[in-house]
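*Asks:* Here you go, one structure.
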Amino acid sequence: MRFSSLLLAISAITLAHGLTISEVSNSAVSAVKRTFSGLTPRTNKCPDIWKSVIADLSAMFIDTSSGQCNNAARAAIRAAFHDCGTWSKSQGDTGGCDGSLILANEISLRPRDNNGLQDIGAKLTTLKAKYTTQVSMADLIAVAASVAIVSCPGGPRIDTYVGRKDSTTPSPENMLPSPFSDAETIFQLFRDKGFDAEDLAALLGAHSVSKAVGLSGPPGNIPVGGAQDSTPGKWDVNYYAETTKNTSNVFSFPSDRALAAHDKVGKEFRRMVGNKGRFDDKFVDAMEDLMLLGVPGGKRKLTECTNFVPKGSKKREIMGRAINWRAR
């Protein structure tokens with residue numbers, strides 16, 4: 001009951017029965033105490049071990065010479081997409097964010113999807129060995145992505161949870177988009193994971209900090225290390241404008257250009273241009289959902305560790321943004 005509603009109820013009782021406010025309020029308080037006396041407060045404390053894990057990850061992801069995020073950070077963000085993003089609705093409470101990207105050796109066995117993740121896979125395997133059974137690989141991949149995002153200047157902090165279960169069962173194949181897929185195929189692929197056009201447009205913005213690991217195919221080659229926007233060490237919205245232009249030293253994926261022109265995704269894509277507030281807000285929501293795919297019970301069954309992650313850019317922070325960003 002809201003406080004204002006409680007006051008109204010108390011006032012009504014005093015008028016009806018000639019009681020004083022103090023008599024009624026004391027009676028109400030006693031009733032509340034009786035109601036809740038048998039309940040045990042819920043505790044959901046993040047294990048302290050994650051402070052050490054996150055400190056190790058932060059040191060791994062920042063280029064100390066520039067203060068920007070590095071290749072390991074880029075790979076960590078991509079690894080979370082490739083571990084969790086193999087899920088579809090038909091899998092229910094299985095698959096998805098289960099660590100199988102590394103534990104089932106999918107990085108080596110599926111080079112078309114996972115080439116370029118070898119180094120981050122090795123780094124996370126070493127870190128997992130350091131903390132043994134205290135952390136799961138599934139959690140380590142997800143938390144690494146959260147830390148990697150805030151390691152990029154301007155990156156927002158994602159609500160971060162632990163408690164996922166590991167699996168050595170390989171994920172289904174052909175569940176990840178190709179950089180050469182057509183837009184409608186990718187859109188339908190993400191719809192089957194529970195994402196709409198707005199979600200997909202926001203998730204694509206992670207390419208703000210991405211660099212290609214070496215691709216070839218029509219309409220031309222993308223060199224190893226080719227960036228998808230002009231500031232790949234910073235989390236910004238240059239990607240959205242530059243994907244639709246021929247910008248020097250920017251190597252857009254053919255699939256990204258196709259999605260930017262898609263009738264549904266393209267509309268949401270254009271709303272991100274020059275609008276970092278909108279991008280951060282929509283990305284955070286979609287990325288939080290992605291990192292819970294396949295997790296039985298979702299975040300209700302997990303433990304939140306967000307406060308252990310460096311703050312970065314606050315999810316709902318409005319200061320410093322265009323005042324009309326939500327209306328765009």
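To be explicit about the labels: the chains of the structure tokens are called A, B, and onward in the order shown, and within each one the residues are counted from 1, while ligands get numbers from 1 in the order they are shown.
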Need the shell around stretch 44-60 of chain A: protein/DNA/RNA residues with any atom at most 9 Å away, counting only C-alpha atoms. Skip same-chain ones fewer than 5 positions apart. Format as a ChimeraX atom specification?
*Replies:* /A:70,72-73,123,127,131,134-135,140,143-144,147-148,150-151,161-162,302-310
*Asks:* Considering only alpha helix (DSSP H) as DSSP defines it on the backbone, what residues of stretch 31-145 of chain A qualify? List them as a PyMOL selection string.
*Replies:* chain A and resi 31-36+49-61+71-84+100-103+106-109+111-114+118-131+137-145
*Asks:* Once you have the residues from the selection above, write them out as a PDB file, in the first residue's frame, restricted to C-alpha atoms.
*Replies:*
ATOM      1  CA  ALA A  31      -0.647  -5.457  12.041  1.00  0.00           C
ATOM      2  CA  VAL A  32       2.179  -4.993   9.526  1.00  0.00           C
ATOM      3  CA  LYS A  33       4.692  -6.393  12.016  1.00  0.00           C
ATOM      4  CA  ARG A  34       2.520  -9.459  12.597  1.00  0.00           C
ATOM      5  CA  THR A  35       2.140  -9.998   8.845  1.00  0.00           C
ATOM      6  CA  PHE A  36       5.862  -9.921   8.077  1.00  0.00           C
ATOM      7  CA  ILE A  49      35.715 -13.778  -5.601  1.00  0.00           C
ATOM      8  CA  TRP A  50      34.205 -11.793  -8.473  1.00  0.00           C
ATOM      9  CA  LYS A  51      36.015  -8.652  -7.295  1.00  0.00           C
ATOM     10  CA  SER A  52      39.294 -10.389  -8.085  1.00  0.00           C
ATOM     11  CA  VAL A  53      38.024 -11.852 -11.350  1.00  0.00           C
ATOM     12  CA  ILE A  54      36.765  -8.471 -12.563  1.00  0.00           C
ATOM     13  CA  ALA A  55      40.027  -6.777 -11.577  1.00  0.00           C
ATOM     14  CA  ASP A  56      41.913  -9.333 -13.691  1.00  0.00           C
ATOM     15  CA  LEU A  57      39.550  -8.765 -16.616  1.00  0.00           C
ATOM     16  CA  SER A  58      39.845  -4.982 -16.399  1.00  0.00           C
ATOM     17  CA  ALA A  59      43.625  -5.214 -16.576  1.00  0.00           C
ATOM     18  CA  MET A  60      43.288  -7.503 -19.589  1.00  0.00           C
ATOM     19  CA  PHE A  61      41.028  -5.177 -21.590  1.00  0.00           C
ATOM     20  CA  ASN A  71      41.662  -6.344 -29.089  1.00  0.00           C
ATOM     21  CA  ALA A  72      41.051  -8.628 -26.096  1.00  0.00           C
ATOM     22  CA  ALA A  73      38.072  -6.471 -25.089  1.00  0.00           C
ATOM     23  CA  ARG A  74      36.663  -6.628 -28.629  1.00  0.00           C
ATOM     24  CA  ALA A  75      37.030 -10.386 -28.654  1.00  0.00           C
ATOM     25  CA  ALA A  76      35.379 -10.730 -25.231  1.00  0.00           C
ATOM     26  CA  ILE A  77      32.287  -8.858 -26.416  1.00  0.00           C
ATOM     27  CA  ARG A  78      32.143 -11.033 -29.522  1.00  0.00           C
ATOM     28  CA  ALA A  79      32.645 -14.198 -27.452  1.00  0.00           C
ATOM     29  CA  ALA A  80      29.526 -13.453 -25.398  1.00  0.00           C
ATOM     30  CA  PHE A  81      27.520 -13.010 -28.592  1.00  0.00           C
ATOM     31  CA  HIS A  82      28.837 -16.300 -29.928  1.00  0.00           C
ATOM     32  CA  ASP A  83      28.251 -18.270 -26.720  1.00  0.00           C
ATOM     33  CA  CYS A  84      24.786 -16.906 -25.911  1.00  0.00           C
ATOM     34  CA  SER A 100      30.089 -24.312 -24.649  1.00  0.00           C
ATOM     35  CA  LEU A 101      31.861 -21.854 -26.951  1.00  0.00           C
ATOM     36  CA  ILE A 102      35.041 -22.743 -25.047  1.00  0.00           C
ATOM     37  CA  LEU A 103      34.161 -25.944 -23.189  1.00  0.00           C
ATOM     38  CA  GLU A 106      33.549 -24.575 -30.758  1.00  0.00           C
ATOM     39  CA  ILE A 107      36.196 -21.936 -31.435  1.00  0.00           C
ATOM     40  CA  SER A 108      38.413 -24.504 -33.164  1.00  0.00           C
ATOM     41  CA  LEU A 109      35.674 -26.703 -34.597  1.00  0.00           C
ATOM     42  CA  PRO A 111      36.167 -21.475 -37.750  1.00  0.00           C
ATOM     43  CA  ARG A 112      33.568 -19.869 -40.014  1.00  0.00           C
ATOM     44  CA  ASP A 113      31.761 -18.519 -36.960  1.00  0.00           C
ATOM     45  CA  ASN A 114      34.542 -18.232 -34.413  1.00  0.00           C
ATOM     46  CA  GLN A 118      41.329 -18.240 -30.159  1.00  0.00           C
ATOM     47  CA  ASP A 119      43.275 -15.741 -28.053  1.00  0.00           C
ATOM     48  CA  ILE A 120      40.384 -14.675 -25.819  1.00  0.00           C
ATOM     49  CA  GLY A 121      39.392 -18.333 -25.467  1.00  0.00           C
ATOM     50  CA  ALA A 122      42.885 -19.126 -24.195  1.00  0.00           C
ATOM     51  CA  LYS A 123      42.889 -16.136 -21.832  1.00  0.00           C
ATOM     52  CA  LEU A 124      39.534 -17.037 -20.303  1.00  0.00           C
ATOM     53  CA  THR A 125      40.574 -20.687 -19.979  1.00  0.00           C
ATOM     54  CA  THR A 126      43.656 -19.603 -18.028  1.00  0.00           C
ATOM     55  CA  LEU A 127      41.553 -17.340 -15.825  1.00  0.00           C
ATOM     56  CA  LYS A 128      39.056 -20.127 -15.211  1.00  0.00           C
ATOM     57  CA  ALA A 129      41.900 -22.410 -14.100  1.00  0.00           C
ATOM     58  CA  LYS A 130      43.062 -19.734 -11.660  1.00  0.00           C
ATOM     59  CA  TYR A 131      39.685 -19.630  -9.928  1.00  0.00           C
ATOM     60  CA  MET A 137      32.982 -20.625 -17.749  1.00  0.00           C
ATOM     61  CA  ALA A 138      29.491 -19.484 -18.760  1.00  0.00           C
ATOM     62  CA  ASP A 139      29.613 -16.709 -16.157  1.00  0.00           C
ATOM     63  CA  LEU A 140      33.190 -15.835 -17.027  1.00  0.00           C
ATOM     64  CA  ILE A 141      32.282 -15.253 -20.688  1.00  0.00           C
ATOM     65  CA  ALA A 142      29.275 -13.097 -19.769  1.00  0.00           C
ATOM     66  CA  VAL A 143      31.060 -11.058 -17.093  1.00  0.00           C
ATOM     67  CA  ALA A 144      34.059 -10.580 -19.392  1.00  0.00           C
ATOM     68  CA  ALA A 145      31.757  -8.966 -21.961  1.00  0.00           C
TER      69      ALA A 145
END
*Asks:* Using only C-alpha atoms, which residues sit within 8 Å of stretch 280-297 of chain A once same-chain residues fewer than 4 positions away are excluded, as a PDB file with N, CA, C and O atoms, in the first residue's frame?
*Replies:*
ATOM      1  N   ALA A  80      30.829 -13.353 -26.053  1.00  0.00           N
ATOM      2  CA  ALA A  80      29.526 -13.453 -25.398  1.00  0.00           C
ATOM      3  C   ALA A  80      28.409 -13.600 -26.423  1.00  0.00           C
ATOM      4  O   ALA A  80      27.479 -14.393 -26.241  1.00  0.00           O
ATOM      5  N   PHE A  81      28.502 -12.856 -27.519  1.00  0.00           N
ATOM      6  CA  PHE A  81      27.520 -13.010 -28.592  1.00  0.00           C
ATOM      7  C   PHE A  81      27.544 -14.433 -29.133  1.00  0.00           C
ATOM      8  O   PHE A  81      26.497 -15.023 -29.410  1.00  0.00           O
ATOM      9  N   CYS A  84      26.216 -17.037 -26.214  1.00  0.00           N
ATOM     10  CA  CYS A  84      24.786 -16.906 -25.911  1.00  0.00           C
ATOM     11  C   CYS A  84      23.919 -16.916 -27.166  1.00  0.00           C
ATOM     12  O   CYS A  84      22.798 -17.436 -27.157  1.00  0.00           O
ATOM     13  N   GLY A  85      24.433 -16.338 -28.246  1.00  0.00           N
ATOM     14  CA  GLY A  85      23.626 -16.111 -29.437  1.00  0.00           C
ATOM     15  C   GLY A  85      23.320 -17.331 -30.272  1.00  0.00           C
ATOM     16  O   GLY A  85      22.599 -17.225 -31.274  1.00  0.00           O
ATOM     17  N   TRP A  87      21.505 -19.609 -29.237  1.00  0.00           N
ATOM     18  CA  TRP A  87      20.219 -20.057 -28.697  1.00  0.00           C
ATOM     19  C   TRP A  87      19.066 -19.640 -29.614  1.00  0.00           C
ATOM     20  O   TRP A  87      19.134 -18.628 -30.311  1.00  0.00           O
ATOM     21  N   GLN A  91      14.921 -24.109 -28.049  1.00  0.00           N
ATOM     22  CA  GLN A  91      15.801 -24.759 -27.078  1.00  0.00           C
ATOM     23  C   GLN A  91      15.321 -24.604 -25.636  1.00  0.00           C
ATOM     24  O   GLN A  91      15.804 -25.316 -24.743  1.00  0.00           O
ATOM     25  N   GLY A  92      14.424 -23.671 -25.394  1.00  0.00           N
ATOM     26  CA  GLY A  92      13.916 -23.487 -24.041  1.00  0.00           C
ATOM     27  C   GLY A  92      15.020 -23.156 -23.044  1.00  0.00           C
ATOM     28  O   GLY A  92      15.835 -22.265 -23.289  1.00  0.00           O
ATOM     29  N   ASP A  93      15.058 -23.892 -21.934  1.00  0.00           N
ATOM     30  CA  ASP A  93      16.025 -23.631 -20.865  1.00  0.00           C
ATOM     31  C   ASP A  93      17.319 -24.418 -21.037  1.00  0.00           C
ATOM     32  O   ASP A  93      17.918 -24.880 -20.063  1.00  0.00           O
ATOM     33  N   THR A  94      17.755 -24.573 -22.265  1.00  0.00           N
ATOM     34  CA  THR A  94      19.037 -25.245 -22.527  1.00  0.00           C
ATOM     35  C   THR A  94      19.821 -24.422 -23.536  1.00  0.00           C
ATOM     36  O   THR A  94      19.270 -23.576 -24.239  1.00  0.00           O
ATOM     37  N   GLY A  95      21.119 -24.706 -23.610  1.00  0.00           N
ATOM     38  CA  GLY A  95      21.959 -24.011 -24.576  1.00  0.00           C
ATOM     39  C   GLY A  95      22.163 -22.559 -24.205  1.00  0.00           C
ATOM     40  O   GLY A  95      22.076 -22.160 -23.048  1.00  0.00           O
ATOM     41  N   GLY A  96      22.431 -21.753 -25.217  1.00  0.00           N
ATOM     42  CA  GLY A  96      22.648 -20.330 -24.975  1.00  0.00           C
ATOM     43  C   GLY A  96      23.897 -20.068 -24.174  1.00  0.00           C
ATOM     44  O   GLY A  96      24.987 -20.575 -24.491  1.00  0.00           O
ATOM     45  N   CYS A  97      23.758 -19.287 -23.113  1.00  0.00           N
ATOM     46  CA  CYS A  97      24.904 -18.860 -22.299  1.00  0.00           C
ATOM     47  C   CYS A  97      25.350 -19.982 -21.373  1.00  0.00           C
ATOM     48  O   CYS A  97      25.046 -19.981 -20.171  1.00  0.00           O
ATOM     49  N   ASP A  98      26.076 -20.932 -21.914  1.00  0.00           N
ATOM     50  CA  ASP A  98      26.455 -22.112 -21.125  1.00  0.00           C
ATOM     51  C   ASP A  98      27.945 -22.439 -21.184  1.00  0.00           C
ATOM     52  O   ASP A  98      28.369 -23.496 -20.716  1.00  0.00           O
ATOM     53  N   ALA A 142      30.255 -14.189 -19.876  1.00  0.00           N
ATOM     54  CA  ALA A 142      29.275 -13.097 -19.769  1.00  0.00           C
ATOM     55  C   ALA A 142      29.849 -11.900 -19.010  1.00  0.00           C
ATOM     56  O   ALA A 142      29.708 -10.745 -19.444  1.00  0.00           O
ATOM     57  N   GLY A 155      31.469   3.385 -22.786  1.00  0.00           N
ATOM     58  CA  GLY A 155      30.692   2.154 -22.724  1.00  0.00           C
ATOM     59  C   GLY A 155      29.762   2.118 -21.526  1.00  0.00           C
ATOM     60  O   GLY A 155      30.156   2.482 -20.410  1.00  0.00           O
ATOM     61  N   PRO A 156      28.503   1.682 -21.705  1.00  0.00           N
ATOM     62  CA  PRO A 156      27.552   1.617 -20.596  1.00  0.00           C
ATOM     63  C   PRO A 156      27.750   0.365 -19.753  1.00  0.00           C
ATOM     64  O   PRO A 156      28.258  -0.643 -20.236  1.00  0.00           O
ATOM     65  N   ARG A 157      27.340   0.434 -18.505  1.00  0.00           N
ATOM     66  CA  ARG A 157      27.426  -0.740 -17.630  1.00  0.00           C
ATOM     67  C   ARG A 157      26.156  -1.582 -17.778  1.00  0.00           C
ATOM     68  O   ARG A 157      25.047  -1.081 -17.681  1.00  0.00           O
ATOM     69  N   ILE A 158      26.361  -2.864 -18.026  1.00  0.00           N
ATOM     70  CA  ILE A 158      25.268  -3.815 -18.175  1.00  0.00           C
ATOM     71  C   ILE A 158      24.955  -4.429 -16.813  1.00  0.00           C
ATOM     72  O   ILE A 158      25.862  -4.721 -16.033  1.00  0.00           O
ATOM     73  N   ASP A 159      23.674  -4.631 -16.514  1.00  0.00           N
ATOM     74  CA  ASP A 159      23.339  -5.408 -15.314  1.00  0.00           C
ATOM     75  C   ASP A 159      23.959  -6.793 -15.462  1.00  0.00           C
ATOM     76  O   ASP A 159      23.715  -7.493 -16.448  1.00  0.00           O
ATOM     77  N   THR A 160      24.768  -7.176 -14.496  1.00  0.00           N
ATOM     78  CA  THR A 160      25.628  -8.350 -14.619  1.00  0.00           C
ATOM     79  C   THR A 160      25.296  -9.382 -13.547  1.00  0.00           C
ATOM     80  O   THR A 160      25.236  -9.050 -12.359  1.00  0.00           O
ATOM     81  N   ARG A 164      25.234 -19.044 -13.817  1.00  0.00           N
ATOM     82  CA  ARG A 164      24.939 -19.898 -14.977  1.00  0.00           C
ATOM     83  C   ARG A 164      25.653 -21.235 -14.846  1.00  0.00           C
ATOM     84  O   ARG A 164      26.720 -21.329 -14.229  1.00  0.00           O
ATOM     85  N   PHE A 195      14.320 -11.215 -30.296  1.00  0.00           N
ATOM     86  CA  PHE A 195      14.678  -9.817 -30.493  1.00  0.00           C
ATOM     87  C   PHE A 195      13.886  -9.205 -31.651  1.00  0.00           C
ATOM     88  O   PHE A 195      13.653  -9.863 -32.669  1.00  0.00           O
ATOM     89  N   GLU A 198      14.277  -3.137 -33.294  1.00  0.00           N
ATOM     90  CA  GLU A 198      14.972  -2.165 -32.446  1.00  0.00           C
ATOM     91  C   GLU A 198      16.121  -2.824 -31.687  1.00  0.00           C
ATOM     92  O   GLU A 198      17.225  -2.265 -31.588  1.00  0.00           O
ATOM     93  N   ASP A 199      15.876  -4.003 -31.141  1.00  0.00           N
ATOM     94  CA  ASP A 199      16.932  -4.741 -30.431  1.00  0.00           C
ATOM     95  C   ASP A 199      18.107  -5.027 -31.354  1.00  0.00           C
ATOM     96  O   ASP A 199      19.264  -4.838 -30.979  1.00  0.00           O
ATOM     97  N   LEU A 200      17.804  -5.507 -32.555  1.00  0.00           N
ATOM     98  CA  LEU A 200      18.864  -5.869 -33.489  1.00  0.00           C
ATOM     99  C   LEU A 200      19.680  -4.644 -33.888  1.00  0.00           C
ATOM    100  O   LEU A 200      20.919  -4.698 -33.931  1.00  0.00           O
ATOM    101  N   ALA A 202      20.198  -2.045 -32.149  1.00  0.00           N
ATOM    102  CA  ALA A 202      21.031  -1.667 -30.999  1.00  0.00           C
ATOM    103  C   ALA A 202      22.212  -2.613 -30.832  1.00  0.00           C
ATOM    104  O   ALA A 202      23.347  -2.175 -30.600  1.00  0.00           O
ATOM    105  N   LEU A 203      21.978  -3.916 -30.948  1.00  0.00           N
ATOM    106  CA  LEU A 203      23.065  -4.885 -30.790  1.00  0.00           C
ATOM    107  C   LEU A 203      24.131  -4.703 -31.860  1.00  0.00           C
ATOM    108  O   LEU A 203      25.327  -4.911 -31.599  1.00  0.00           O
ATOM    109  N   GLY A 205      25.273  -2.091 -32.832  1.00  0.00           N
ATOM    110  CA  GLY A 205      26.150  -1.006 -32.408  1.00  0.00           C
ATOM    111  C   GLY A 205      27.393  -1.454 -31.684  1.00  0.00           C
ATOM    112  O   GLY A 205      28.335  -0.659 -31.512  1.00  0.00           O
ATOM    113  N   LYS A 276      23.622   8.972 -29.032  1.00  0.00           N
ATOM    114  CA  LYS A 276      24.256   7.983 -28.166  1.00  0.00           C
ATOM    115  C   LYS A 276      23.366   7.611 -26.968  1.00  0.00           C
ATOM    116  O   LYS A 276      23.406   6.475 -26.493  1.00  0.00           O
ATOM    117  N   LYS A 301      16.968 -16.472 -11.018  1.00  0.00           N
ATOM    118  CA  LYS A 301      17.713 -17.591 -10.437  1.00  0.00           C
ATOM    119  C   LYS A 301      19.207 -17.290 -10.312  1.00  0.00           C
ATOM    120  O   LYS A 301      19.985 -18.164  -9.920  1.00  0.00           O
ATOM    121  N   LYS A 315      23.485   3.403 -17.307  1.00  0.00           N
ATOM    122  CA  LYS A 315      22.453   3.003 -18.259  1.00  0.00           C
ATOM    123  C   LYS A 315      21.407   4.094 -18.477  1.00  0.00           C
ATOM    124  O   LYS A 315      21.036   4.399 -19.599  1.00  0.00           O
ATOM    125  N   ARG A 316      20.911   4.685 -17.422  1.00  0.00           N
ATOM    126  CA  ARG A 316      19.807   5.622 -17.550  1.00  0.00           C
ATOM    127  C   ARG A 316      20.237   7.069 -17.348  1.00  0.00           C
ATOM    128  O   ARG A 316      19.423   7.945 -17.144  1.00  0.00           O
TER     129      ARG A 316
END
*Asks:* Write out as JSON, numbers by chain the set of residues from stretch 44-84 of chain A that DSSP, computed on the backbone, places in strand (DSSP E).
*Replies:* {"A": [62, 63, 68, 69]}
*Asks:* Given the selection you just returned, output its residues as a file containing N, CA and C atoms, formatted as a PDB file, in the first residue's frame.
*Replies:*
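Dumped to selection_23.pdb:
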ATOM      1  N   ILE A  62      42.264  -3.103 -21.184  1.00  0.00           N
ATOM      2  CA  ILE A  62      42.556  -1.693 -21.423  1.00  0.00           C
ATOM      3  C   ILE A  62      43.964  -1.518 -21.991  1.00  0.00           C
ATOM      4  N   ASP A  63      44.054  -0.763 -23.081  1.00  0.00           N
ATOM      5  CA  ASP A  63      45.342  -0.383 -23.665  1.00  0.00           C
ATOM      6  C   ASP A  63      45.868   0.791 -22.854  1.00  0.00           C
ATOM      7  N   GLN A  68      42.157   3.307 -24.096  1.00  0.00           N
ATOM      8  CA  GLN A  68      41.004   2.773 -24.814  1.00  0.00           C
ATOM      9  C   GLN A  68      40.973   1.250 -24.700  1.00  0.00           C
ATOM     10  N   CYS A  69      39.855   0.664 -25.133  1.00  0.00           N
ATOM     11  CA  CYS A  69      39.765  -0.791 -25.071  1.00  0.00           C
ATOM     12  C   CYS A  69      40.594  -1.415 -26.193  1.00  0.00           C
TER      13      CYS A  69
END
*Asks:* Could you list, as number ranges by chain, every residue within 8 Å of stretch 246-257 of chain A, counting only C-alpha atoms and ignoring same-chain residues fewer than 3 positions away?
*Replies:* A: 178-183, 204, 219, 222, 226-230, 242-243, 260-261
*Asks:* Quick one: distance from atom CA of A:Ala197 to atom CA of A:Lys267 in Å, one decimal?
*Replies:* 8.5 Å
*Asks:* Measuring atom to atom with only C-alpha atoms, identify which of A:Lys89, A:Thr168, A:Gly99, A:Lys211 is nearest to A:Gly194.
*Replies:*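 Answer, going by the shortest atom-to-atom distance: A:Lys89.
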